[in-house]
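J.: Have a peek at structure-v2.txt (compact mmCIF, C-alpha atoms).
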```
# COMPACT_ATOMS: atom_id res chain seq x y z
CA MET F 1 -127.80 8.82 -63.56
CA THR F 2 -128.60 9.05 -67.25
CA VAL F 3 -130.91 6.77 -69.19
CA GLU F 4 -131.30 6.40 -72.95
CA PHE F 5 -134.06 4.71 -74.94
CA LEU F 6 -133.41 2.64 -78.03
CA SER F 7 -136.55 1.50 -79.85
CA VAL F 8 -135.95 -1.37 -82.26
CA GLY F 9 -138.13 -2.12 -85.28
CA THR F 10 -138.27 -1.25 -88.96
CA GLU F 11 -142.04 -0.91 -88.60
CA ILE F 12 -141.48 2.16 -86.38
CA LEU F 13 -139.20 3.80 -88.95
CA LEU F 14 -141.78 3.18 -91.70
CA GLY F 15 -144.56 4.70 -89.61
CA ASN F 16 -146.55 1.47 -89.52
CA ILE F 17 -146.88 1.76 -85.74
CA VAL F 18 -146.68 4.70 -83.35
CA ASN F 19 -143.81 4.53 -80.86
CA THR F 20 -145.84 4.94 -77.67
CA ASN F 21 -143.24 2.99 -75.67
CA ALA F 22 -140.72 5.84 -75.76
CA ALA F 23 -143.23 8.33 -74.38
CA TYR F 24 -144.25 5.96 -71.60
CA LEU F 25 -140.66 5.12 -70.65
CA SER F 26 -139.66 8.78 -70.70
CA GLU F 27 -142.37 9.75 -68.26
CA ARG F 28 -141.77 6.82 -65.94
CA CYS F 29 -137.98 7.22 -65.84
CA ALA F 30 -138.30 10.95 -65.20
CA ALA F 31 -140.38 10.06 -62.15
CA PHE F 32 -137.37 8.14 -60.82
CA GLY F 33 -135.11 11.16 -61.20
CA LEU F 34 -133.23 9.73 -64.18
CA SER F 35 -131.97 12.18 -66.78
CA CYS F 36 -132.66 11.40 -70.45
CA TYR F 37 -130.77 13.28 -73.16
CA HIS F 38 -131.13 10.92 -76.13
CA GLN F 39 -133.73 8.67 -77.73
CA SER F 40 -133.21 6.66 -80.91
CA VAL F 41 -135.06 4.36 -83.27
CA VAL F 42 -133.19 1.75 -85.30
CA GLY F 43 -134.45 -0.81 -87.77
CA ASP F 44 -134.00 -4.58 -87.70
CA ASN F 45 -130.44 -4.45 -88.99
CA GLU F 46 -127.60 -6.05 -87.03
CA GLU F 47 -124.85 -3.60 -87.97
CA ARG F 48 -126.91 -0.47 -87.36
CA LEU F 49 -128.35 -1.82 -84.12
CA GLU F 50 -124.88 -2.63 -82.81
CA GLY F 51 -123.66 0.86 -83.67
CA ALA F 52 -126.66 2.49 -82.01
CA LEU F 53 -126.24 0.43 -78.84
CA CYS F 54 -122.49 1.12 -78.59
CA LEU F 55 -123.13 4.85 -79.00
CA ALA F 56 -125.86 4.81 -76.36
CA LEU F 57 -123.66 2.96 -73.88
CA SER F 58 -120.82 5.43 -74.46
CA ARG F 59 -122.91 8.38 -73.24
CA SER F 60 -125.53 6.94 -70.85
CA ASP F 61 -125.47 4.85 -67.69
CA ILE F 62 -128.55 2.83 -68.58
CA VAL F 63 -129.87 1.90 -72.02
CA ILE F 64 -133.41 0.60 -72.28
CA LEU F 65 -134.10 -1.27 -75.50
CA SER F 66 -137.65 -2.13 -76.54
CA GLY F 67 -138.63 -4.52 -79.31
CA GLY F 68 -136.76 -7.16 -81.30
CA LEU F 69 -137.14 -9.97 -78.77
CA GLY F 70 -139.48 -12.13 -80.84
CA PRO F 71 -138.89 -15.60 -82.29
CA THR F 72 -138.14 -14.64 -85.92
CA LYS F 73 -134.78 -14.11 -87.64
CA ASP F 74 -135.19 -10.34 -87.83
CA ASP F 75 -135.54 -10.12 -84.02
CA LEU F 76 -131.94 -9.26 -83.20
CA THR F 77 -131.94 -7.17 -80.02
CA LYS F 78 -130.89 -9.94 -77.65
CA GLU F 79 -128.25 -11.31 -79.99
CA VAL F 80 -126.69 -7.91 -80.68
CA THR F 81 -126.72 -6.93 -76.99
CA ALA F 82 -125.02 -10.21 -76.06
CA LYS F 83 -122.34 -9.50 -78.68
CA VAL F 84 -121.71 -5.96 -77.40
CA PHE F 85 -121.46 -7.23 -73.81
CA GLY F 86 -119.26 -10.17 -74.86
CA ARG F 87 -121.71 -12.78 -73.60
CA GLU F 88 -122.70 -16.17 -75.00
CA LEU F 89 -126.36 -17.10 -75.38
CA VAL F 90 -127.42 -19.99 -73.16
CA GLU F 91 -130.73 -21.74 -72.69
CA ASP F 92 -132.66 -20.66 -69.61
CA ALA F 93 -134.61 -23.64 -68.27
CA HIS F 94 -137.06 -21.47 -66.33
CA THR F 95 -137.97 -19.45 -69.42
CA LYS F 96 -138.35 -22.63 -71.48
CA GLU F 97 -140.81 -23.98 -68.91
CA ARG F 98 -142.81 -20.74 -69.02
CA ILE F 99 -142.96 -20.83 -72.83
CA THR F 100 -144.21 -24.41 -72.68
CA GLU F 101 -146.89 -23.46 -70.16
CA TYR F 102 -147.90 -20.38 -72.19
CA PHE F 103 -148.62 -22.49 -75.27
CA ARG F 104 -150.33 -25.17 -73.21
CA ARG F 105 -152.84 -22.57 -72.05
CA SER F 106 -153.28 -21.29 -75.63
CA GLN F 107 -154.74 -24.50 -76.97
CA SER F 108 -155.30 -23.00 -80.42
CA ARG F 109 -151.55 -22.41 -80.92
CA LYS F 110 -148.69 -24.87 -81.25
CA ILE F 111 -145.04 -24.39 -80.36
CA THR F 112 -142.78 -24.04 -83.38
CA ASP F 113 -139.03 -24.55 -83.32
CA ASN F 114 -138.27 -20.85 -83.53
CA ASN F 115 -140.17 -20.20 -80.29
CA TRP F 116 -137.31 -21.83 -78.38
CA LYS F 117 -135.11 -18.95 -79.57
CA GLN F 118 -136.80 -16.89 -76.86
CA ALA F 119 -135.47 -19.25 -74.18
CA LEU F 120 -131.89 -18.28 -75.06
CA VAL F 121 -130.50 -15.51 -72.87
CA PRO F 122 -127.10 -13.80 -72.53
CA GLU F 123 -125.00 -15.59 -69.95
CA GLY F 124 -125.23 -13.93 -66.55
CA ALA F 125 -128.25 -11.78 -67.46
CA ILE F 126 -131.05 -11.13 -64.99
CA VAL F 127 -134.14 -12.72 -66.54
CA ILE F 128 -137.49 -10.95 -66.08
CA ASP F 129 -140.62 -13.06 -66.45
CA ASN F 130 -143.17 -11.95 -69.04
CA ASP F 131 -146.67 -12.58 -67.68
CA ASN F 132 -148.32 -11.49 -70.93
CA GLY F 133 -146.18 -13.10 -73.63
CA THR F 134 -143.30 -15.45 -74.36
CA ALA F 135 -140.31 -13.07 -74.63
CA PRO F 136 -138.67 -12.50 -71.23
CA GLY F 137 -137.15 -9.20 -70.28
CA LEU F 138 -133.41 -9.05 -69.60
CA ILE F 139 -131.03 -6.92 -67.55
CA LEU F 140 -127.29 -6.94 -68.29
CA GLU F 141 -124.77 -5.24 -66.02
CA GLN F 142 -121.12 -4.81 -66.94
CA ASP F 143 -118.09 -2.68 -66.20
CA PHE F 144 -116.80 -0.94 -69.34
CA ASP F 145 -113.39 0.64 -68.67
CA GLY F 146 -114.23 1.45 -65.05
CA GLU F 147 -117.80 2.59 -65.69
CA MET F 148 -120.78 0.42 -64.78
CA LYS F 149 -123.24 0.20 -67.67
CA ARG F 150 -126.63 -1.45 -67.78
CA ALA F 151 -128.79 -2.61 -70.68
CA ILE F 152 -132.45 -3.40 -70.06
CA LEU F 153 -134.23 -5.33 -72.81
CA LEU F 154 -138.04 -5.18 -72.94
CA PRO F 155 -140.56 -6.71 -75.36
CA GLY F 156 -142.06 -4.32 -77.91
CA PRO F 157 -145.83 -4.81 -77.44
CA PRO F 158 -147.03 -2.18 -74.92
CA ASN F 159 -149.31 -4.67 -73.19
CA GLU F 160 -146.21 -6.70 -72.37
CA LEU F 161 -143.71 -3.88 -71.83
CA LYS F 162 -145.75 -1.77 -69.40
CA PRO F 163 -146.70 -4.50 -66.90
CA MET F 164 -143.12 -5.80 -66.94
CA PHE F 165 -141.75 -2.33 -66.33
CA GLU F 166 -144.09 -1.59 -63.43
CA LYS F 167 -143.62 -4.97 -61.74
CA ASP F 168 -139.86 -5.50 -62.08
CA ILE F 169 -137.96 -2.75 -63.89
CA ALA F 170 -139.27 0.18 -61.86
CA PRO F 171 -138.08 -1.28 -58.53
CA TYR F 172 -134.74 -2.15 -60.13
CA LEU F 173 -134.21 1.41 -61.42
CA ASN F 174 -135.24 2.91 -58.10
CA ALA F 175 -132.63 0.79 -56.34
CA GLN F 176 -129.85 2.19 -58.56
CA GLN F 177 -130.29 5.72 -57.20
CA PRO F 178 -128.26 6.96 -54.20
CA GLU F 179 -131.60 8.02 -52.78
CA GLY F 180 -134.87 6.37 -53.71
CA ILE F 181 -137.36 8.33 -55.78
CA TYR F 182 -140.97 7.99 -54.65
CA SER F 183 -144.02 9.64 -56.08
CA CYS F 184 -147.76 10.05 -55.74
CA MET F 185 -150.20 11.04 -58.48
CA VAL F 186 -153.09 13.36 -57.68
CA LYS F 187 -155.70 13.14 -60.45
CA LEU F 188 -158.20 15.91 -61.11
CA CYS F 189 -161.31 16.15 -63.28
CA GLY F 190 -163.72 19.00 -63.88
CA ILE F 191 -160.95 21.59 -64.16
CA GLY F 192 -158.83 22.78 -67.08
CA GLU F 193 -155.05 22.73 -67.27
CA SER F 194 -154.64 26.51 -67.17
CA ARG F 195 -156.83 27.00 -64.12
CA ALA F 196 -155.23 24.07 -62.30
CA GLU F 197 -151.74 25.40 -62.95
CA SER F 198 -152.73 28.90 -61.84
CA MET F 199 -153.81 27.43 -58.51
CA ILE F 200 -150.39 25.91 -57.85
CA THR F 201 -148.09 28.57 -59.32
CA ASP F 202 -146.57 29.37 -55.93
CA LEU F 203 -145.92 25.68 -55.24
CA LEU F 204 -144.22 25.23 -58.61
CA LYS F 205 -141.94 28.22 -57.98
CA SER F 206 -140.85 27.18 -54.49
CA GLN F 207 -140.45 23.43 -55.00
CA GLU F 208 -137.27 21.61 -53.99
CA ASN F 209 -138.01 18.30 -52.31
CA PRO F 210 -140.70 17.24 -52.95
CA THR F 211 -141.26 18.44 -56.50
CA LEU F 212 -144.58 19.00 -58.21
CA ALA F 213 -145.26 18.50 -61.92
CA PRO F 214 -148.60 18.94 -63.77
CA TYR F 215 -149.55 16.76 -66.73
CA ALA F 216 -152.49 17.58 -69.00
CA LYS F 217 -154.68 14.71 -70.16
CA THR F 218 -157.87 14.81 -72.23
CA GLY F 219 -160.41 16.25 -69.82
CA GLU F 220 -158.16 15.72 -66.82
CA VAL F 221 -155.13 17.16 -65.05
CA HIS F 222 -152.65 14.96 -63.19
CA LEU F 223 -150.29 16.33 -60.55
CA ARG F 224 -147.25 14.21 -59.71
CA VAL F 225 -145.61 14.80 -56.32
CA THR F 226 -142.10 13.29 -56.18
CA ALA F 227 -139.73 12.99 -53.23
CA ARG F 228 -136.12 11.88 -52.81
CA ALA F 229 -135.68 9.86 -49.63
CA LYS F 230 -133.81 6.94 -48.10
CA ASP F 231 -136.98 4.86 -47.92
CA GLU F 232 -140.70 4.98 -48.63
CA LYS F 233 -141.64 5.93 -45.08
CA GLU F 234 -139.41 9.01 -45.17
CA ALA F 235 -140.75 9.89 -48.62
CA GLN F 236 -144.32 9.78 -47.35
CA GLN F 237 -143.36 12.20 -44.58
CA ILE F 238 -141.72 14.56 -47.07
CA MET F 239 -144.70 14.47 -49.45
CA HIS F 240 -147.38 14.78 -46.78
CA PRO F 241 -147.44 18.62 -46.49
CA MET F 242 -147.60 19.02 -50.29
CA LEU F 243 -150.37 16.45 -50.64
CA THR F 244 -152.33 18.08 -47.82
CA GLU F 245 -152.04 21.46 -49.53
CA LEU F 246 -153.25 20.03 -52.85
CA ARG F 247 -156.24 18.45 -51.11
CA ASN F 248 -157.10 21.78 -49.49
CA ARG F 249 -156.88 23.65 -52.80
CA PHE F 250 -158.66 21.21 -55.10
CA GLY F 251 -161.06 19.41 -52.77
CA ASN F 252 -163.60 17.24 -54.58
CA LEU F 253 -161.94 17.91 -57.93
CA ILE F 254 -159.49 15.19 -56.88
CA TYR F 255 -160.97 11.89 -57.97
CA THR F 256 -158.10 9.65 -56.88
CA GLU F 257 -154.54 9.53 -55.59
CA GLU F 258 -154.00 6.02 -56.91
CA GLU F 259 -151.77 6.12 -59.98
CA ASP F 260 -153.31 3.14 -61.76
CA VAL F 261 -156.95 4.10 -61.12
CA THR F 262 -158.86 5.73 -63.99
CA LEU F 263 -161.80 8.11 -63.89
CA GLU F 264 -164.15 5.43 -65.19
CA GLU F 265 -162.93 3.03 -62.53
CA MET F 266 -163.74 5.54 -59.81
CA VAL F 267 -167.21 6.11 -61.29
CA VAL F 268 -167.88 2.36 -61.32
CA ARG F 269 -166.64 2.09 -57.74
CA LEU F 270 -168.92 4.91 -56.62
CA LEU F 271 -171.95 3.44 -58.37
CA ALA F 272 -171.28 -0.01 -56.95
CA GLY F 273 -170.96 1.51 -53.49
CA LYS F 274 -174.39 3.11 -53.90
CA HIS F 275 -175.85 -0.10 -55.39
CA MET F 276 -176.84 1.88 -58.48
CA THR F 277 -177.00 0.76 -62.11
CA VAL F 278 -176.08 2.90 -65.11
CA THR F 279 -176.77 2.90 -68.84
CA THR F 280 -175.59 5.06 -71.74
CA ALA F 281 -177.27 6.58 -74.80
CA GLU F 282 -174.75 7.79 -77.36
CA SER F 283 -174.90 9.57 -80.66
CA CYS F 284 -171.68 11.37 -81.66
CA THR F 285 -169.48 9.29 -79.36
CA GLY F 286 -170.61 6.07 -81.03
CA GLY F 287 -170.09 3.73 -78.07
CA ARG F 288 -166.87 5.20 -76.68
CA LEU F 289 -168.53 6.08 -73.38
CA ALA F 290 -169.86 2.55 -72.94
CA GLY F 291 -166.44 1.22 -73.93
CA ARG F 292 -164.67 3.23 -71.24
CA ILE F 293 -167.03 1.88 -68.61
CA MET F 294 -166.70 -1.67 -69.93
CA ASN F 295 -162.90 -1.40 -69.62
CA VAL F 296 -163.34 -1.54 -65.84
CA SER F 297 -163.15 -4.96 -64.24
CA GLY F 298 -166.44 -5.58 -62.47
CA ALA F 299 -168.40 -3.09 -64.59
CA SER F 300 -171.06 -5.75 -65.16
CA ASP F 301 -172.19 -5.16 -61.56
CA VAL F 302 -173.45 -1.70 -62.54
CA TYR F 303 -173.85 -1.81 -66.33
CA SER F 304 -175.95 -4.29 -68.30
CA GLU F 305 -176.88 -2.57 -71.56
CA GLY F 306 -176.50 0.65 -73.54
CA TYR F 307 -177.64 2.31 -76.75
CA ILE F 308 -175.93 3.79 -79.79
CA THR F 309 -178.55 5.93 -81.53
CA TYR F 310 -176.80 7.79 -84.31
CA SER F 311 -179.85 8.54 -86.45
CA ASN F 312 -183.02 10.38 -85.47
CA GLU F 313 -185.00 7.24 -86.22
CA ALA F 314 -182.92 5.26 -83.72
CA LYS F 315 -183.33 7.96 -81.07
CA HIS F 316 -187.08 7.78 -81.51
CA LYS F 317 -187.38 4.00 -81.83
CA LEU F 318 -184.98 2.90 -79.06
CA LEU F 319 -185.11 5.79 -76.62
CA GLY F 320 -188.53 7.28 -77.20
CA VAL F 321 -187.27 10.74 -78.17
CA LYS F 322 -190.33 12.56 -79.51
CA LYS F 323 -190.43 13.31 -83.22
CA GLU F 324 -191.67 16.78 -82.32
CA THR F 325 -188.54 17.35 -80.22
CA LEU F 326 -186.24 16.28 -83.05
CA GLU F 327 -188.10 18.40 -85.62
CA LYS F 328 -188.34 21.53 -83.46
CA TYR F 329 -184.98 21.48 -81.66
CA SER F 330 -182.90 19.01 -83.76
CA ALA F 331 -180.85 16.03 -82.58
CA VAL F 332 -178.19 18.31 -81.13
CA SER F 333 -180.11 20.11 -78.42
CA PRO F 334 -180.59 20.05 -74.66
CA GLN F 335 -184.13 18.82 -75.16
CA THR F 336 -182.97 15.78 -77.14
CA ALA F 337 -180.19 15.04 -74.65
CA GLU F 338 -182.72 15.08 -71.81
CA GLU F 339 -185.15 12.76 -73.59
CA MET F 340 -182.31 10.42 -74.57
CA ALA F 341 -181.23 10.12 -70.94
CA ARG F 342 -184.77 9.54 -69.67
CA GLY F 343 -185.52 7.07 -72.43
CA ALA F 344 -182.35 5.08 -71.84
CA ALA F 345 -182.98 4.85 -68.10
CA LEU F 346 -186.52 3.62 -68.76
CA ALA F 347 -185.50 1.12 -71.44
CA ALA F 348 -182.63 -0.35 -69.39
CA GLU F 349 -184.44 -0.03 -66.06
CA ALA F 350 -181.34 1.75 -64.76
CA ASP F 351 -180.99 4.17 -61.86
CA VAL F 352 -178.60 6.38 -63.81
CA ALA F 353 -178.27 7.24 -67.50
CA LEU F 354 -175.75 9.31 -69.45
CA SER F 355 -176.63 10.69 -72.89
CA VAL F 356 -174.34 12.33 -75.44
CA THR F 357 -175.39 14.11 -78.62
CA GLY F 358 -173.34 16.61 -80.59
CA ILE F 359 -171.36 17.56 -83.67
CA ALA F 360 -167.94 15.90 -83.69
CA GLY F 361 -166.99 17.18 -87.16
CA PRO F 362 -165.17 17.84 -89.29
CA GLY F 363 -168.39 18.64 -91.17
CA GLY F 364 -171.95 19.24 -90.08
CA GLY F 365 -171.43 22.44 -88.13
CA THR F 366 -173.31 25.73 -88.57
CA PRO F 367 -172.81 29.20 -87.08
CA GLU F 368 -175.59 28.43 -84.61
CA LYS F 369 -174.37 24.92 -83.87
CA PRO F 370 -170.63 24.70 -84.57
CA VAL F 371 -168.40 21.65 -84.66
CA GLY F 372 -167.52 20.72 -81.09
CA LEU F 373 -170.95 21.51 -79.65
CA VAL F 374 -172.04 18.61 -77.46
CA TYR F 375 -174.94 18.22 -75.05
CA ILE F 376 -174.55 15.73 -72.21
CA GLY F 377 -177.49 14.55 -70.15
CA CYS F 378 -177.26 12.84 -66.77
CA TYR F 379 -180.39 11.16 -65.41
CA VAL F 380 -180.43 10.24 -61.72
CA ASN F 381 -183.57 8.93 -60.04
CA GLY F 382 -186.00 10.94 -62.13
CA ASN F 383 -183.94 14.14 -62.39
CA VAL F 384 -181.96 15.15 -65.47
CA ARG F 385 -179.06 17.57 -65.64
CA VAL F 386 -178.08 18.67 -69.15
CA GLU F 387 -174.82 20.49 -69.81
CA GLU F 388 -173.82 22.33 -72.97
CA CYS F 389 -170.18 21.79 -73.88
CA HIS F 390 -167.88 23.25 -76.54
CA PHE F 391 -164.83 21.14 -77.34
CA ASN F 392 -161.89 21.97 -79.59
CA GLY F 393 -159.81 19.68 -81.77
CA ASN F 394 -160.40 17.07 -84.42
CA ARG F 395 -163.19 14.48 -84.47
CA ASP F 396 -161.40 12.06 -82.15
CA LYS F 397 -160.51 14.78 -79.66
CA VAL F 398 -164.10 16.04 -79.51
CA ARG F 399 -165.47 12.54 -78.97
CA ASP F 400 -162.90 11.65 -76.31
CA SER F 401 -163.47 14.97 -74.53
CA ALA F 402 -167.20 14.32 -74.48
CA VAL F 403 -166.68 10.90 -72.90
CA VAL F 404 -164.50 12.28 -70.11
CA LYS F 405 -166.93 15.13 -69.49
CA ALA F 406 -169.85 12.71 -69.22
CA LEU F 407 -167.99 10.63 -66.63
CA THR F 408 -167.05 13.83 -64.78
CA ILE F 409 -170.66 15.02 -64.68
CA LEU F 410 -171.82 11.70 -63.26
CA ARG F 411 -169.11 11.80 -60.61
CA GLU F 412 -170.14 15.36 -59.70
CA GLN F 413 -173.75 14.24 -59.30
CA ILE F 414 -172.57 11.62 -56.83
CA TRP F 415 -170.52 14.14 -54.84
CA ASP F 416 -173.39 16.64 -54.86
CA GLY F 417 -175.53 14.05 -53.11
CA VAL F 418 -178.10 13.59 -55.85
CA PHE F 419 -178.30 9.95 -54.87
```
As structure tokens, what does this structure read like?
T.:
Amino acid sequence: MTVEFLSVGTEILLGNIVNTNAAYLSERCAAFGLSCYHQSVVGDNEERLEGALCLALSRSDIVILSGGLGPTKDDLTKEVTAKVFGRELVEDAHTKERITEYFRRSQSRKITDNNWKQALVPEGAIVIDNDNGTAPGLILEQDFDGEMKRAILLPGPPNELKPMFEKDIAPYLNAQQPEGIYSCMVKLCGIGESRAESMITDLLKSQENPTLAPYAKTGEVHLRVTARAKDEKEAQQIMHPMLTELRNRFGNLIYTEEEDVTLEEMVVRLLAGKHMTVTTAESCTGGRLAGRIMNVSGASDVYSEGYITYSNEAKHKLLGVKKETLEKYSAVSPQTAEEMARGAALAAEADVALSVTGIAGPGGGTPEKPVGLVYIGCYVNGNVRVEECHFNGNRDKVRDSAVVKALTILREQIWDGVF
């Protein structure tokens, strides 16, 4: 089956927002074995949106539209789709109740008349509840000249679209296939994309069912194993030999096989399991490392405070880094990274401390200490491991790479039995 994505919103065309929804939907639909040959973006214009939708339906089995489901007059996706499918808009009592409850919980906001526009749905549509907003998702199915076509309407905000897709749309799409498509994600850290791919070259060449696909992430490599099967039990049996082989080849470089689990979540889990606390001391990353840890639900069990010490004065005042160390070796040095980690652990009374100091760029580099040079310290129960890293890319890429590397080093310390 073929799927096509139609992103709606003038703000996308003007470059005011980045269209991350299309990338997400492309990857997820590919995992279900759906073929995608076209993607389009159209502004908030009724005539152009109708033309784009008619064209998409003429060449694809499923059209997924994102955006344009809001309460304002320029939100036209639902209205145009209803017109193309020849459906009237009718009020959905269930959706109206959910909108009422949503605003009741948000005591600072009041319902305005245009909010009830979101309770109108095309007659006969499958209504998908939105647990993170007021615009429901919609699925329309219709025979067009002997061909079954489907339009799936999703809200534009990613924090509404993604949960809705995972909870309701993914199972729906999987059910449309003659055989179900099931997958498992094997996530690696501490290994580069090239080396990881070289270790599975033979598997990539010989794959049929299941298939194996590598995806490079910042500081990580993800391997998706996908099987076609009549049900999940059969899929697990098909995938088992491949998964076993990947475990044998990559060992402790695999940090999880749970698709929704992040590296920082695994680190928090491991620390909590050891009843250990952690703190962070950051210079060039400016709080990004602490932020990644704080993104994990339950992080407060292992993390209570951290330090952003961008200047030398802050490193000395808050972390106790010696002035002599800063003068002799500079802020970007293994010696400073070690003292930052020790000082943070002492100040926060933590069992574990991660420190990051480096040159993120674009300026500030020298031949001896180029842009991308970062030192990461990891303190565990009195011992400090410092690693010198060289990252490529712009300022954001260097900082993000440093954060992932710091989390990877801490995880390695756990696996090496330092605790």
J.: Using only C-alpha atoms, which of F:Gln107, F:Thr336, F:Thr408, F:Ser297 sits nearest F:Val321?
T.: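 Using only C-alpha atoms, the shortest distance to F:Val321 belongs to F:Thr336.
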J.: List the spatial neighbours of F:Gly343 as a PyMOL selection string - criterion: any atom at most 9 Å away, all atoms listed in the file, same-chain residues fewer than 2 positions off excluded.
T.: chain F and resi 281+315+318-321+338-341+345-348+353
J.: Of the candidates F:Met1, F:Val84, F:Leu138, F:Leu153, which shows the shortest atom-to-atom distance to F:Gly68, using only C-alpha atoms?
T.: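 Going through F:Met1, F:Val84, F:Leu138, F:Leu153 one by one, the smallest distance to F:Gly68 is for F:Leu153.
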J.: Which residues are close to F:Leu223, i.e. within 12 Å by all atoms listed in the file, leaving aside same-chain residues fewer than 5 positions away? Reply as a PyMOL selection string.
T.: chain F and resi 31+183-189+193+196-197+199-200+203-204+211-217+242-243+246-247+250+254-259
J.: Using only C-alpha atoms, which of the listed residues (F:Leu49, F:Ile64, F:Ala227, F:Leu289) sits closest to F:Val404?
T.: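 Ranking F:Leu49, F:Ile64, F:Ala227, F:Leu289 by distance to F:Val404, first place goes to F:Leu289.
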J.: Enter the distance from atom CA of F:Val278 to atom CA of F:Thr262, in Å, rounded to one decimal.
T.: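 Rounded to one decimal, the two atoms are 17.5 Å apart.
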J.: From the set F:Gly190, F:Arg104, F:Leu154, F:Asp113, which residue has the shortest atom-to-atom contact distance to F:Phe5, counting all atoms listed in the file?
T.: F:Leu154
J.: List the neighbours of F:Ala93 out to 12 Å using only C-alpha atoms; skip same-chain residues closer than 2 positions along the sequence, and give me the result as a ChimeraX atom specification.
T.: /F:90-91,95-100,116,118-121,127
